[in-house]
file entry.txt (compact mmCIF, C-alpha atoms and all ligand atoms)
# COMPACT_ATOMS: atom_id res chain seq x y z
CA MET A 1 18.88 0.37 0.39
CA VAL A 2 16.76 1.83 3.15
CA GLY A 3 16.30 5.58 2.94
CA ASP A 4 17.74 5.78 -0.55
CA ASP A 5 15.05 4.17 -2.65
CA GLY A 6 16.05 4.05 -6.29
CA LEU A 7 12.43 3.64 -7.38
CA PHE A 8 10.56 6.31 -5.42
CA ASP A 9 13.30 8.87 -5.93
CA ALA A 10 13.08 12.67 -5.73
CA VAL A 11 11.63 13.02 -9.24
CA VAL A 12 8.90 10.47 -8.61
CA ALA A 13 8.23 11.93 -5.16
CA ARG A 14 7.71 15.43 -6.59
CA THR A 15 5.09 14.29 -9.11
CA TYR A 16 3.53 11.45 -7.06
CA ASP A 17 0.44 13.36 -5.91
CA ASP A 18 -0.33 14.65 -9.42
CA ASP A 19 0.28 11.28 -11.06
CA HIS A 20 -2.04 9.59 -8.55
CA ALA A 21 -4.59 12.40 -8.33
CA ALA A 22 -7.52 9.99 -8.71
CA ARG A 23 -6.48 8.36 -5.44
CA PHE A 24 -6.80 11.69 -3.64
CA ALA A 25 -10.42 12.14 -4.80
CA PRO A 26 -12.87 12.45 -1.87
CA GLU A 27 -14.88 9.48 -3.15
CA VAL A 28 -11.76 7.29 -2.79
CA LEU A 29 -10.12 8.81 0.26
CA GLY A 30 -13.37 9.35 2.18
CA PRO A 31 -14.42 5.69 2.53
CA THR A 32 -10.76 4.69 3.06
CA VAL A 33 -10.41 6.99 6.03
CA ASP A 34 -13.91 6.15 7.35
CA LEU A 35 -13.00 2.48 7.64
CA LEU A 36 -9.50 3.06 9.02
CA ALA A 37 -10.72 5.58 11.61
CA GLU A 38 -13.41 3.12 12.74
CA LEU A 39 -10.83 0.34 13.15
CA ALA A 40 -8.34 2.59 14.94
CA GLY A 41 -10.97 3.66 17.47
CA ASP A 42 -9.26 5.48 20.31
CA GLY A 43 -5.93 3.78 19.59
CA ARG A 44 -2.89 4.63 17.50
CA ALA A 45 -2.51 3.77 13.81
CA LEU A 46 0.66 2.79 11.94
CA GLU A 47 0.85 3.13 8.16
CA LEU A 48 3.41 0.91 6.47
CA ALA A 49 4.85 2.63 3.36
CA VAL A 50 3.25 5.98 4.14
CA GLY A 51 4.56 7.63 0.96
CA THR A 52 3.71 11.32 0.71
CA GLY A 53 1.03 10.95 3.39
CA ARG A 54 -2.01 10.63 1.13
CA VAL A 55 -3.93 8.49 3.63
CA ALA A 56 -2.05 9.21 6.87
CA LEU A 57 -2.65 12.96 6.77
CA ALA A 58 -6.35 12.49 5.98
CA LEU A 59 -6.62 10.01 8.86
CA ALA A 60 -4.83 12.43 11.18
CA ASP A 61 -7.43 15.03 10.13
CA ARG A 62 -10.02 12.70 11.70
CA GLY A 63 -8.17 12.94 15.01
CA VAL A 64 -6.34 9.61 14.78
CA ASP A 65 -2.77 9.47 16.12
CA VAL A 66 -0.88 8.16 13.05
CA THR A 67 2.77 7.17 12.59
CA GLY A 68 4.34 6.12 9.28
CA ILE A 69 7.16 3.87 8.14
CA GLU A 70 8.63 4.72 4.74
CA ARG A 71 11.68 3.41 2.91
CA SER A 72 12.14 6.31 0.51
CA ARG A 73 13.63 9.41 2.08
CA ALA A 74 12.49 11.40 -0.97
CA MET A 75 8.84 10.43 -0.43
CA ALA A 76 9.08 11.28 3.28
CA GLU A 77 10.68 14.63 2.45
CA GLN A 78 7.90 15.36 -0.02
CA MET A 79 5.35 14.63 2.70
CA ALA A 80 7.22 16.97 5.05
CA THR A 81 6.55 19.90 2.67
CA LYS A 82 2.80 19.61 3.30
CA PRO A 83 0.93 21.72 5.81
CA ASP A 84 0.57 19.96 9.17
CA ALA A 85 2.78 17.05 8.06
CA GLY A 86 4.42 17.26 11.49
CA ARG A 87 1.33 15.60 12.98
CA VAL A 88 2.45 12.29 11.41
CA PRO A 89 5.94 11.22 12.46
CA VAL A 90 7.70 9.15 9.80
CA ILE A 91 10.39 6.58 10.52
CA ILE A 92 12.67 5.81 7.60
CA GLY A 93 12.97 2.06 7.25
CA ASP A 94 11.81 -1.17 5.68
CA MET A 95 8.22 -2.03 6.54
CA ALA A 96 9.13 -5.73 6.75
CA ALA A 97 11.59 -5.14 9.58
CA THR A 98 11.42 -1.69 11.17
CA ARG A 99 9.93 -1.50 14.66
CA VAL A 100 8.20 1.55 16.09
CA ALA A 101 7.86 1.88 19.83
CA GLY A 102 4.49 1.32 21.47
CA GLY A 103 1.35 -0.62 20.64
CA PHE A 104 -1.17 0.11 17.86
CA SER A 105 -4.83 -0.71 17.43
CA LEU A 106 -4.43 -0.48 13.65
CA VAL A 107 -1.65 -1.22 11.17
CA TYR A 108 -2.46 -0.67 7.50
CA LEU A 109 -0.75 -1.06 4.12
CA VAL A 110 -2.67 0.27 1.13
CA TYR A 111 -2.45 0.78 -2.63
CA SER A 112 -1.10 -2.72 -3.36
CA THR A 113 2.19 -1.84 -1.68
CA ILE A 114 2.55 -5.31 -0.11
CA THR A 115 3.49 -6.31 -3.69
CA ASN A 116 6.54 -4.02 -3.56
CA LEU A 117 8.10 -6.70 -1.36
CA LEU A 118 9.48 -8.97 -4.04
CA THR A 119 9.85 -12.27 -2.22
CA GLN A 120 7.46 -14.44 -0.23
CA ASP A 121 9.89 -14.29 2.72
CA GLU A 122 9.71 -10.47 2.80
CA GLN A 123 5.92 -10.50 2.60
CA VAL A 124 5.71 -13.07 5.42
CA ALA A 125 8.09 -10.88 7.46
CA CYS A 126 5.89 -7.86 6.78
CA PHE A 127 2.82 -9.63 8.17
CA ALA A 128 4.85 -10.68 11.23
CA ASN A 129 6.07 -7.11 11.69
CA ALA A 130 2.54 -5.73 11.42
CA ALA A 131 1.33 -8.28 13.98
CA ALA A 132 4.19 -7.43 16.35
CA HIS A 133 2.99 -3.79 16.43
CA LEU A 134 -0.63 -4.69 17.19
CA LEU A 135 -2.22 -4.64 20.60
CA PRO A 136 -4.49 -7.61 21.36
CA GLY A 137 -7.72 -7.15 19.40
CA GLY A 138 -5.98 -4.79 16.95
CA HIS A 139 -6.41 -4.99 13.17
CA PHE A 140 -4.09 -5.27 10.17
CA VAL A 141 -5.58 -3.99 6.89
CA ILE A 142 -4.21 -4.38 3.41
CA GLU A 143 -5.61 -3.07 0.14
CA VAL A 144 -4.25 -4.99 -2.83
CA GLY A 145 -5.18 -6.01 -6.35
CA VAL A 146 -6.28 -9.50 -7.29
CA PRO A 147 -3.68 -10.94 -9.68
CA PRO A 148 -4.97 -9.83 -13.11
CA LEU A 149 -4.26 -13.14 -14.82
CA ARG A 150 -7.76 -13.45 -16.29
CA ARG A 151 -7.02 -10.33 -18.34
CA LEU A 152 -3.96 -11.85 -20.01
CA PRO A 153 -4.66 -12.28 -23.72
CA PRO A 154 -4.02 -15.89 -24.83
CA GLY A 155 -0.35 -16.40 -25.63
CA SER A 156 0.72 -13.02 -24.23
CA ASN A 157 2.36 -11.90 -20.99
CA LEU A 158 1.31 -8.24 -21.44
CA ILE A 159 -1.80 -6.44 -20.21
CA ALA A 160 -2.39 -2.91 -21.52
CA HIS A 161 -4.42 -1.02 -18.95
CA GLU A 162 -4.34 2.61 -20.02
CA ALA A 163 -3.62 4.64 -23.15
CA SER A 164 -4.74 8.20 -22.41
CA PRO A 165 -3.23 11.48 -23.69
CA THR A 166 -1.08 11.68 -20.53
CA HIS A 167 -0.37 8.09 -19.54
CA ILE A 168 0.37 4.75 -21.17
CA GLY A 169 0.43 1.75 -18.85
CA VAL A 170 1.32 -1.87 -19.57
CA ASP A 171 1.78 -4.69 -17.07
CA GLU A 172 4.20 -7.52 -17.81
CA ILE A 173 3.44 -10.77 -16.02
CA ASP A 174 5.66 -13.74 -15.22
CA VAL A 175 3.38 -16.51 -13.96
CA LEU A 176 6.30 -18.75 -12.98
CA ASP A 177 7.59 -16.54 -10.19
CA GLN A 178 4.40 -14.54 -9.50
CA SER A 179 6.08 -11.33 -10.60
CA MET A 180 4.71 -8.32 -12.41
CA THR A 181 6.51 -5.33 -13.88
CA CYS A 182 4.36 -2.24 -14.44
CA HIS A 183 5.59 -0.03 -17.26
CA HIS A 184 4.32 3.54 -17.20
CA THR A 185 5.03 6.31 -19.69
CA TYR A 186 3.83 9.74 -18.61
CA LEU A 187 3.44 12.49 -21.20
CA ARG A 188 3.53 15.96 -19.71
CA ASP A 189 5.05 19.39 -20.20
CA GLY A 190 5.86 18.48 -23.80
CA GLY A 191 8.09 15.56 -22.74
CA THR A 192 7.86 11.95 -21.61
CA SER A 193 9.04 10.18 -18.50
CA VAL A 194 9.19 6.47 -17.88
CA PHE A 195 8.55 4.70 -14.59
CA ARG A 196 8.85 0.96 -14.01
CA SER A 197 7.84 -0.78 -10.81
CA HIS A 198 8.38 -4.40 -9.82
CA HIS A 199 5.90 -6.45 -7.83
CA ARG A 200 5.25 -9.89 -6.40
CA TYR A 201 1.55 -10.69 -6.65
CA ALA A 202 -0.34 -13.22 -4.53
CA TRP A 203 -3.86 -14.56 -4.26
CA PRO A 204 -5.95 -13.71 -1.19
CA ALA A 205 -5.45 -17.26 0.11
CA GLU A 206 -1.68 -16.75 0.26
CA TYR A 207 -2.12 -13.55 2.26
CA ASP A 208 -4.46 -15.45 4.60
CA LEU A 209 -1.71 -18.00 5.15
CA MET A 210 0.81 -15.22 5.87
CA ALA A 211 -1.68 -13.83 8.38
CA ARG A 212 -2.08 -17.24 10.01
CA LEU A 213 1.70 -17.54 10.33
CA ALA A 214 1.57 -14.19 12.14
CA HIS A 215 -1.27 -15.47 14.39
CA LEU A 216 -3.87 -13.13 12.89
CA ASP A 217 -7.43 -14.15 12.05
CA LEU A 218 -9.36 -13.02 8.98
CA ALA A 219 -12.11 -10.63 10.10
CA HIS A 220 -13.31 -9.15 6.78
CA ARG A 221 -12.61 -9.25 3.09
CA TRP A 222 -14.31 -6.64 0.97
CA ALA A 223 -13.97 -5.67 -2.70
CA GLY A 224 -13.09 -2.10 -1.72
CA TRP A 225 -13.20 0.62 0.88
CA ASP A 226 -16.97 0.92 0.38
CA ARG A 227 -17.22 -2.53 2.04
CA SER A 228 -18.91 -4.04 -1.02
CA ALA A 229 -18.93 -7.83 -1.31
CA PHE A 230 -15.77 -9.52 -2.57
CA THR A 231 -16.75 -11.69 -5.55
CA ALA A 232 -15.14 -13.72 -8.34
CA GLU A 233 -15.22 -10.52 -10.46
CA SER A 234 -13.48 -8.31 -7.89
CA THR A 235 -10.24 -6.78 -9.13
CA SER A 236 -8.94 -5.83 -5.69
CA HIS A 237 -9.67 -6.44 -2.04
CA VAL A 238 -9.50 -4.78 1.30
CA SER A 239 -8.70 -7.49 3.82
CA VAL A 240 -8.78 -7.12 7.58
CA TRP A 241 -7.12 -9.53 10.01
CA ARG A 242 -7.43 -9.33 13.76
CA LYS A 243 -4.96 -10.14 16.50
CA PRO A 244 -6.87 -12.26 19.00
CA PRO A 245 -7.76 -10.48 22.22
CA THR A 246 -5.82 -12.08 25.08
C1 LIG A 301 2.39 3.35 -4.29
S1 LIG A 301 3.24 4.22 -3.02
C2 LIG A 301 1.98 4.27 -1.76
C3 LIG A 301 2.18 5.41 -0.80
C4 LIG A 301 0.99 5.67 0.14
N1 LIG A 301 0.78 4.55 1.03
C5 LIG A 301 -0.27 5.97 -0.65
O1 LIG A 301 -1.21 5.19 -0.54
O2 LIG A 301 -0.30 6.96 -1.38
C6 LIG A 301 4.34 2.97 -2.42
C7 LIG A 301 5.25 3.46 -1.31
O3 LIG A 301 5.81 2.31 -0.67
C8 LIG A 301 7.13 2.62 -0.29
N2 LIG A 301 7.82 1.34 -0.06
C9 LIG A 301 8.06 0.38 -0.97
N3 LIG A 301 8.69 -0.66 -0.37
C10 LIG A 301 8.82 -0.34 0.93
C11 LIG A 301 9.39 -1.00 2.06
N4 LIG A 301 9.94 -2.21 1.95
N5 LIG A 301 9.35 -0.39 3.26
C12 LIG A 301 8.80 0.85 3.39
N6 LIG A 301 8.26 1.54 2.35
C13 LIG A 301 8.27 0.94 1.14
C14 LIG A 301 7.65 3.41 -1.46
O4 LIG A 301 8.82 4.13 -1.17
C15 LIG A 301 6.43 4.31 -1.75
O5 LIG A 301 6.49 5.48 -0.98

call {"tool": "encode", "arguments": {"input": "entry.txt", "output": "structure tokens"}}
result
Amino acid sequence: MVGDDGLFDAVVARTYDDDHAARFAPEVLGPTVDLLAELAGDGRALELAVGTGRVALALADRGVDVTGIERSRAMAEQMATKPDAGRVPVIIGDMAATRVAGGFSLVYLVYSTITNLLTQDEQVACFANAAAHLLPGGHFVIEVGVPPLRRLPPGSNLIAHEASPTHIGVDEIDVLDQSMTCHHTYLRDGGTSVFRSHHRYAWPAEYDLMARLAHLDLAHRWAGWDRSAFTAESTSHVSVWRKPPT
């Protein structure tokens, strides 16, 4: 239900920045914002699934006019508690369908959040919605993991990816319907909390097809925000599609 997200609820929203502190590190956020600011140029930027404003507020700091779409009211409210959050207006809605007035030179969707759309139809709609917001020559950027199937132990559908004193993470894969459930247990303040998120993964080629359906052309595919080469060993990609100039 839009605006009442059962997953990114008030409890998750309150601890989101701490739980994802590594993503706020200057060495991660710096190159992210460098690339996005370059692509935005003098135009406006739209972040799909803006969350608590991790990227949008840093991009606004660079002087870019940023607007966000966010489904979870709790995440948007958490963002609103931050200094200068008012510089980034947030529209509560579904990124696959919600329209924001005006044209944008950049639409972006980071941190594998395209996978939060659980069907191919929703992901196709999201690409179409991104394209509908773009001015001719504008760019759509996604950052998303490569499906981790090569890490599946033979005979298992589980991938353990972290077991630290504060976090245990296990991904559960269903190769038949391209779905992945991420199980997280956080240990803090003497207690534990559990968070499960559901995803639909796709290979880069499927995203390229979604982009083609939305009349966008692939401009770049890098392994990360540092613009390093995407290779067979890459575990994620930053892909950039361009709306043809008219
Ligand atoms: C992993 S967080 C990423 C937040 C932010 N982009 C960042 O990089 O820190 C995923 C966010 O996507 C939002 N989200 C998930 N599905 C969405 C949808 N269909 N429309 C809009 N927001 C959505 C969630 O509420 C959550 O805030």

call {"tool": "atom_distance", "arguments": {"input": "entry.txt", "atom1": "CA of Leu213 in chain A", "atom2": "CA of Ile142 in chain A"}}
result
16.0 Å

call {"tool": "closest_atom_pairs", "arguments": {"input": "entry.txt", "of": "chain A", "to": "ligand LIG 301 (chain A)", "cutoff": "9 Å", "atoms": "only C-alpha atoms and all ligand atoms", "output": "JSON lines"}}
result
{"residue": "A:Val2", "atom": "CA", "partner": "A:LIG301", "partner_atom": "N5", "distance": 7.7}
{"residue": "A:Gly3", "atom": "CA", "partner": "A:LIG301", "partner_atom": "O4", "distance": 8.7}
{"residue": "A:Asp5", "atom": "CA", "partner": "A:LIG301", "partner_atom": "O4", "distance": 6.4}
{"residue": "A:Gly6", "atom": "CA", "partner": "A:LIG301", "partner_atom": "O4", "distance": 8.9}
{"residue": "A:Leu7", "atom": "CA", "partner": "A:LIG301", "partner_atom": "O4", "distance": 7.2}
{"residue": "A:Phe8", "atom": "CA", "partner": "A:LIG301", "partner_atom": "O4", "distance": 5.1}
{"residue": "A:Asp9", "atom": "CA", "partner": "A:LIG301", "partner_atom": "O4", "distance": 8.1}
{"residue": "A:Ala13", "atom": "CA", "partner": "A:LIG301", "partner_atom": "O5", "distance": 7.9}
{"residue": "A:Tyr16", "atom": "CA", "partner": "A:LIG301", "partner_atom": "O2", "distance": 8.2}
{"residue": "A:Asp17", "atom": "CA", "partner": "A:LIG301", "partner_atom": "O2", "distance": 7.9}
{"residue": "A:His20", "atom": "CA", "partner": "A:LIG301", "partner_atom": "O2", "distance": 7.8}
{"residue": "A:Arg23", "atom": "CA", "partner": "A:LIG301", "partner_atom": "O2", "distance": 7.5}
{"residue": "A:Phe24", "atom": "CA", "partner": "A:LIG301", "partner_atom": "O2", "distance": 8.4}
{"residue": "A:Glu47", "atom": "CA", "partner": "A:LIG301", "partner_atom": "N1", "distance": 7.3}
{"residue": "A:Leu48", "atom": "CA", "partner": "A:LIG301", "partner_atom": "C12", "distance": 6.2}
{"residue": "A:Ala49", "atom": "CA", "partner": "A:LIG301", "partner_atom": "N6", "distance": 3.7}
{"residue": "A:Val50", "atom": "CA", "partner": "A:LIG301", "partner_atom": "N1", "distance": 4.2}
{"residue": "A:Gly51", "atom": "CA", "partner": "A:LIG301", "partner_atom": "O5", "distance": 3.5}
{"residue": "A:Thr52", "atom": "CA", "partner": "A:LIG301", "partner_atom": "O2", "distance": 6.3}
{"residue": "A:Gly53", "atom": "CA", "partner": "A:LIG301", "partner_atom": "C4", "distance": 6.2}
{"residue": "A:Arg54", "atom": "CA", "partner": "A:LIG301", "partner_atom": "O2", "distance": 4.8}
{"residue": "A:Val55", "atom": "CA", "partner": "A:LIG301", "partner_atom": "O1", "distance": 6.0}
{"residue": "A:Ala56", "atom": "CA", "partner": "A:LIG301", "partner_atom": "N1", "distance": 8.0}
{"residue": "A:Ile69", "atom": "CA", "partner": "A:LIG301", "partner_atom": "C12", "distance": 5.9}
{"residue": "A:Glu70", "atom": "CA", "partner": "A:LIG301", "partner_atom": "N6", "distance": 4.0}
{"residue": "A:Arg71", "atom": "CA", "partner": "A:LIG301", "partner_atom": "C12", "distance": 3.9}
{"residue": "A:Ser72", "atom": "CA", "partner": "A:LIG301", "partner_atom": "O4", "distance": 4.3}
{"residue": "A:Arg73", "atom": "CA", "partner": "A:LIG301", "partner_atom": "O4", "distance": 7.8}
{"residue": "A:Ala74", "atom": "CA", "partner": "A:LIG301", "partner_atom": "O4", "distance": 8.1}
{"residue": "A:Met75", "atom": "CA", "partner": "A:LIG301", "partner_atom": "O5", "distance": 5.5}
{"residue": "A:Ala76", "atom": "CA", "partner": "A:LIG301", "partner_atom": "O5", "distance": 7.6}
{"residue": "A:Ile92", "atom": "CA", "partner": "A:LIG301", "partner_atom": "C12", "distance": 7.6}
{"residue": "A:Gly93", "atom": "CA", "partner": "A:LIG301", "partner_atom": "C12", "distance": 5.8}
{"residue": "A:Asp94", "atom": "CA", "partner": "A:LIG301", "partner_atom": "N5", "distance": 3.5}
{"residue": "A:Met95", "atom": "CA", "partner": "A:LIG301", "partner_atom": "N5", "distance": 3.8}
{"residue": "A:Ala96", "atom": "CA", "partner": "A:LIG301", "partner_atom": "N4", "distance": 6.0}
{"residue": "A:Ala97", "atom": "CA", "partner": "A:LIG301", "partner_atom": "N5", "distance": 8.2}
{"residue": "A:Thr98", "atom": "CA", "partner": "A:LIG301", "partner_atom": "N5", "distance": 8.3}
{"residue": "A:Tyr108", "atom": "CA", "partner": "A:LIG301", "partner_atom": "N1", "distance": 8.9}
{"residue": "A:Leu109", "atom": "CA", "partner": "A:LIG301", "partner_atom": "N1", "distance": 6.6}
{"residue": "A:Val110", "atom": "CA", "partner": "A:LIG301", "partner_atom": "O1", "distance": 5.4}
{"residue": "A:Tyr111", "atom": "CA", "partner": "A:LIG301", "partner_atom": "O1", "distance": 5.0}
{"residue": "A:Ser112", "atom": "CA", "partner": "A:LIG301", "partner_atom": "C1", "distance": 7.1}
{"residue": "A:Thr113", "atom": "CA", "partner": "A:LIG301", "partner_atom": "C6", "distance": 5.3}
{"residue": "A:Ile114", "atom": "CA", "partner": "A:LIG301", "partner_atom": "N3", "distance": 7.7}
{"residue": "A:Thr115", "atom": "CA", "partner": "A:LIG301", "partner_atom": "N3", "distance": 8.4}
{"residue": "A:Asn116", "atom": "CA", "partner": "A:LIG301", "partner_atom": "N3", "distance": 5.1}
{"residue": "A:Leu117", "atom": "CA", "partner": "A:LIG301", "partner_atom": "N4", "distance": 5.9}
{"residue": "A:Glu122", "atom": "CA", "partner": "A:LIG301", "partner_atom": "N4", "distance": 8.3}
{"residue": "A:Cys126", "atom": "CA", "partner": "A:LIG301", "partner_atom": "N4", "distance": 8.5}

call {"tool": "write_last_selection", "arguments": {"input": "entry.txt", "atoms": "C-alpha atoms", "output": "compact mmCIF listing (two decimals), in the coordinates of the input"}}
result
# COMPACT_ATOMS: atom_id res chain seq x y z
CA VAL A 2 16.76 1.83 3.15
CA GLY A 3 16.30 5.58 2.94
CA ASP A 5 15.05 4.17 -2.65
CA GLY A 6 16.05 4.05 -6.29
CA LEU A 7 12.43 3.64 -7.38
CA PHE A 8 10.56 6.31 -5.42
CA ASP A 9 13.30 8.87 -5.93
CA ALA A 13 8.23 11.93 -5.16
CA TYR A 16 3.53 11.45 -7.06
CA ASP A 17 0.44 13.36 -5.91
CA HIS A 20 -2.04 9.59 -8.55
CA ARG A 23 -6.48 8.36 -5.44
CA PHE A 24 -6.80 11.69 -3.64
CA GLU A 47 0.85 3.13 8.16
CA LEU A 48 3.41 0.91 6.47
CA ALA A 49 4.85 2.63 3.36
CA VAL A 50 3.25 5.98 4.14
CA GLY A 51 4.56 7.63 0.96
CA THR A 52 3.71 11.32 0.71
CA GLY A 53 1.03 10.95 3.39
CA ARG A 54 -2.01 10.63 1.13
CA VAL A 55 -3.93 8.49 3.63
CA ALA A 56 -2.05 9.21 6.87
CA ILE A 69 7.16 3.87 8.14
CA GLU A 70 8.63 4.72 4.74
CA ARG A 71 11.68 3.41 2.91
CA SER A 72 12.14 6.31 0.51
CA ARG A 73 13.63 9.41 2.08
CA ALA A 74 12.49 11.40 -0.97
CA MET A 75 8.84 10.43 -0.43
CA ALA A 76 9.08 11.28 3.28
CA ILE A 92 12.67 5.81 7.60
CA GLY A 93 12.97 2.06 7.25
CA ASP A 94 11.81 -1.17 5.68
CA MET A 95 8.22 -2.03 6.54
CA ALA A 96 9.13 -5.73 6.75
CA ALA A 97 11.59 -5.14 9.58
CA THR A 98 11.42 -1.69 11.17
CA TYR A 108 -2.46 -0.67 7.50
CA LEU A 109 -0.75 -1.06 4.12
CA VAL A 110 -2.67 0.27 1.13
CA TYR A 111 -2.45 0.78 -2.63
CA SER A 112 -1.10 -2.72 -3.36
CA THR A 113 2.19 -1.84 -1.68
CA ILE A 114 2.55 -5.31 -0.11
CA THR A 115 3.49 -6.31 -3.69
CA ASN A 116 6.54 -4.02 -3.56
CA LEU A 117 8.10 -6.70 -1.36
CA GLU A 122 9.71 -10.47 2.80
CA CYS A 126 5.89 -7.86 6.78

call {"tool": "residues_around", "arguments": {"input": "entry.txt", "residues": "Thr181 in chain A", "least_positions_apart": "3", "cutoff": "6 Å", "atoms": "only C-alpha atoms", "output": "ChimeraX atom specification"}}
result
/A:171-172,197-198

call {"tool": "atom_distance", "arguments": {"input": "entry.txt", "atom1": "CA of His184 in chain A", "atom2": "CA of Leu118 in chain A"}}
result
18.9 Å

call {"tool": "atom_distance", "arguments": {"input": "entry.txt", "atom1": "CA of Ala22 in chain A", "atom2": "CA of Arg151 in chain A"}}
result
22.5 Å

call {"tool": "closest_residue", "arguments": {"input": "entry.txt", "among": "A:Leu39, A:Ala132, A:Val194, A:Ala80", "to": "Ala219 in chain A", "atoms": "all atoms listed in the file"}}
result
A:Leu39

call {"tool": "closest_residue", "arguments": {"input": "entry.txt", "among": "A:Cys182, A:Val144, A:Ala128, A:Ala160", "to": "Leu209 in chain A", "atoms": "all atoms listed in the file"}}
result
A:Ala128

call {"tool": "residues_near_point", "arguments": {"input": "entry.txt", "point": "(5.4, 17.1, 11.0)", "cutoff": "12 Å", "atoms": "only C-alpha atoms", "output": "PyMOL selection string"}}
result
chain A and resi 52-53+56-57+60+66-68+76-91

call {"tool": "residues_around", "arguments": {"input": "entry.txt", "residues": "Ala223 in chain A", "least_positions_apart": "3", "cutoff": "6 Å", "atoms": "all atoms listed in the file", "output": "list in words"}}
result
Ser228, Ala229, Phe230, Ser234, Ser236 and His237 of chain A

call {"tool": "write_last_selection", "arguments": {"input": "entry.txt", "atoms": "C-alpha atoms", "output": "PDB file, in the coordinates of the input"}}
result
ATOM      1  CA  SER A 228     -18.910  -4.040  -1.020  1.00  0.00           C
ATOM      2  CA  ALA A 229     -18.930  -7.830  -1.310  1.00  0.00           C
ATOM      3  CA  PHE A 230     -15.770  -9.520  -2.570  1.00  0.00           C
ATOM      4  CA  SER A 234     -13.480  -8.310  -7.890  1.00  0.00           C
ATOM      5  CA  SER A 236      -8.940  -5.830  -5.690  1.00  0.00           C
ATOM      6  CA  HIS A 237      -9.670  -6.440  -2.040  1.00  0.00           C
TER       7      HIS A 237
END

call {"tool": "closest_residue", "arguments": {"input": "entry.txt", "among": "A:His220, A:Ile168, A:His199, A:Asp226", "to": "Val28 in chain A", "atoms": "all atoms listed in the file"}}
result
A:Asp226

call {"tool": "residues_around", "arguments": {"input": "entry.txt", "residues": "Leu35 in chain A", "least_positions_apart": "2", "cutoff": "12 Å", "atoms": "only C-alpha atoms", "output": "list of chain:residue names"}}
result
A:Val28, A:Leu29, A:Gly30, A:Pro31, A:Thr32, A:Val33, A:Ala37, A:Glu38, A:Leu39, A:Ala40, A:Gly41, A:Val55, A:Leu59, A:Arg62, A:Leu106, A:Tyr108, A:His139, A:Val141, A:Ile142, A:Glu143, A:His220, A:Trp222, A:Gly224, A:Trp225, A:Asp226, A:Arg227, A:Val238, A:Ser239, A:Val240

call {"tool": "closest_residue", "arguments": {"input": "entry.txt", "among": "A:Ala202, A:Val107, A:Leu149, A:Val64", "to": "Ala130 in chain A", "atoms": "all atoms listed in the file"}}
result
A:Val107

call {"tool": "closest_residue", "arguments": {"input": "entry.txt", "among": "A:Pro153, A:Gly191, A:Pro245, A:Pro26", "to": "Leu134 in chain A", "atoms": "only C-alpha atoms"}}
result
A:Pro245

call {"tool": "residues_around", "arguments": {"input": "entry.txt", "residues": "Ser193 in chain A", "least_positions_apart": "5", "cutoff": "10 Å", "atoms": "all atoms listed in the file", "output": "PyMOL selection string"}}
result
chain A and resi 12+167+184-188

call {"tool": "closest_residue", "arguments": {"input": "entry.txt", "among": "A:Val175, A:Leu216, A:Leu135, A:Ala211", "to": "Leu46 in chain A", "atoms": "only C-alpha atoms"}}
result
A:Leu135

call {"tool": "build_atoms", "arguments": {"input": "entry.txt", "residues": "range 120-130 of chain A", "atoms": "N, CA and C atoms", "output": "PDB file, keeping the file's coordinate frame"}}
result
ATOM      1  N   GLN A 120       8.440 -13.945  -1.207  1.00  0.00           N
ATOM      2  CA  GLN A 120       7.460 -14.440  -0.230  1.00  0.00           C
ATOM      3  C   GLN A 120       7.994 -14.235   1.184  1.00  0.00           C
ATOM      4  N   ASP A 121       9.307 -14.465   1.376  1.00  0.00           N
ATOM      5  CA  ASP A 121       9.890 -14.290   2.720  1.00  0.00           C
ATOM      6  C   ASP A 121       9.677 -12.869   3.232  1.00  0.00           C
ATOM      7  N   GLU A 122       9.884 -11.870   2.363  1.00  0.00           N
ATOM      8  CA  GLU A 122       9.710 -10.470   2.800  1.00  0.00           C
ATOM      9  C   GLU A 122       8.247 -10.180   3.134  1.00  0.00           C
ATOM     10  N   GLN A 123       7.345 -10.749   2.334  1.00  0.00           N
ATOM     11  CA  GLN A 123       5.920 -10.500   2.600  1.00  0.00           C
ATOM     12  C   GLN A 123       5.487 -11.171   3.905  1.00  0.00           C
ATOM     13  N   VAL A 124       5.995 -12.384   4.143  1.00  0.00           N
ATOM     14  CA  VAL A 124       5.710 -13.070   5.420  1.00  0.00           C
ATOM     15  C   VAL A 124       6.263 -12.233   6.582  1.00  0.00           C
ATOM     16  N   ALA A 125       7.472 -11.704   6.399  1.00  0.00           N
ATOM     17  CA  ALA A 125       8.090 -10.880   7.460  1.00  0.00           C
ATOM     18  C   ALA A 125       7.272  -9.618   7.704  1.00  0.00           C
ATOM     19  N   CYS A 126       6.699  -9.072   6.645  1.00  0.00           N
ATOM     20  CA  CYS A 126       5.890  -7.860   6.780  1.00  0.00           C
ATOM     21  C   CYS A 126       4.638  -8.135   7.615  1.00  0.00           C
ATOM     22  N   PHE A 127       3.992  -9.257   7.352  1.00  0.00           N
ATOM     23  CA  PHE A 127       2.820  -9.630   8.170  1.00  0.00           C
ATOM     24  C   PHE A 127       3.246  -9.803   9.630  1.00  0.00           C
ATOM     25  N   ALA A 128       4.389 -10.459   9.846  1.00  0.00           N
ATOM     26  CA  ALA A 128       4.850 -10.680  11.230  1.00  0.00           C
ATOM     27  C   ALA A 128       5.157  -9.340  11.892  1.00  0.00           C
ATOM     28  N   ASN A 129       5.743  -8.426  11.132  1.00  0.00           N
ATOM     29  CA  ASN A 129       6.070  -7.110  11.690  1.00  0.00           C
ATOM     30  C   ASN A 129       4.805  -6.327  12.020  1.00  0.00           C
ATOM     31  N   ALA A 130       3.822  -6.397  11.129  1.00  0.00           N
ATOM     32  CA  ALA A 130       2.540  -5.730  11.420  1.00  0.00           C
ATOM     33  C   ALA A 130       1.939  -6.296  12.703  1.00  0.00           C
TER      34      ALA A 130
END
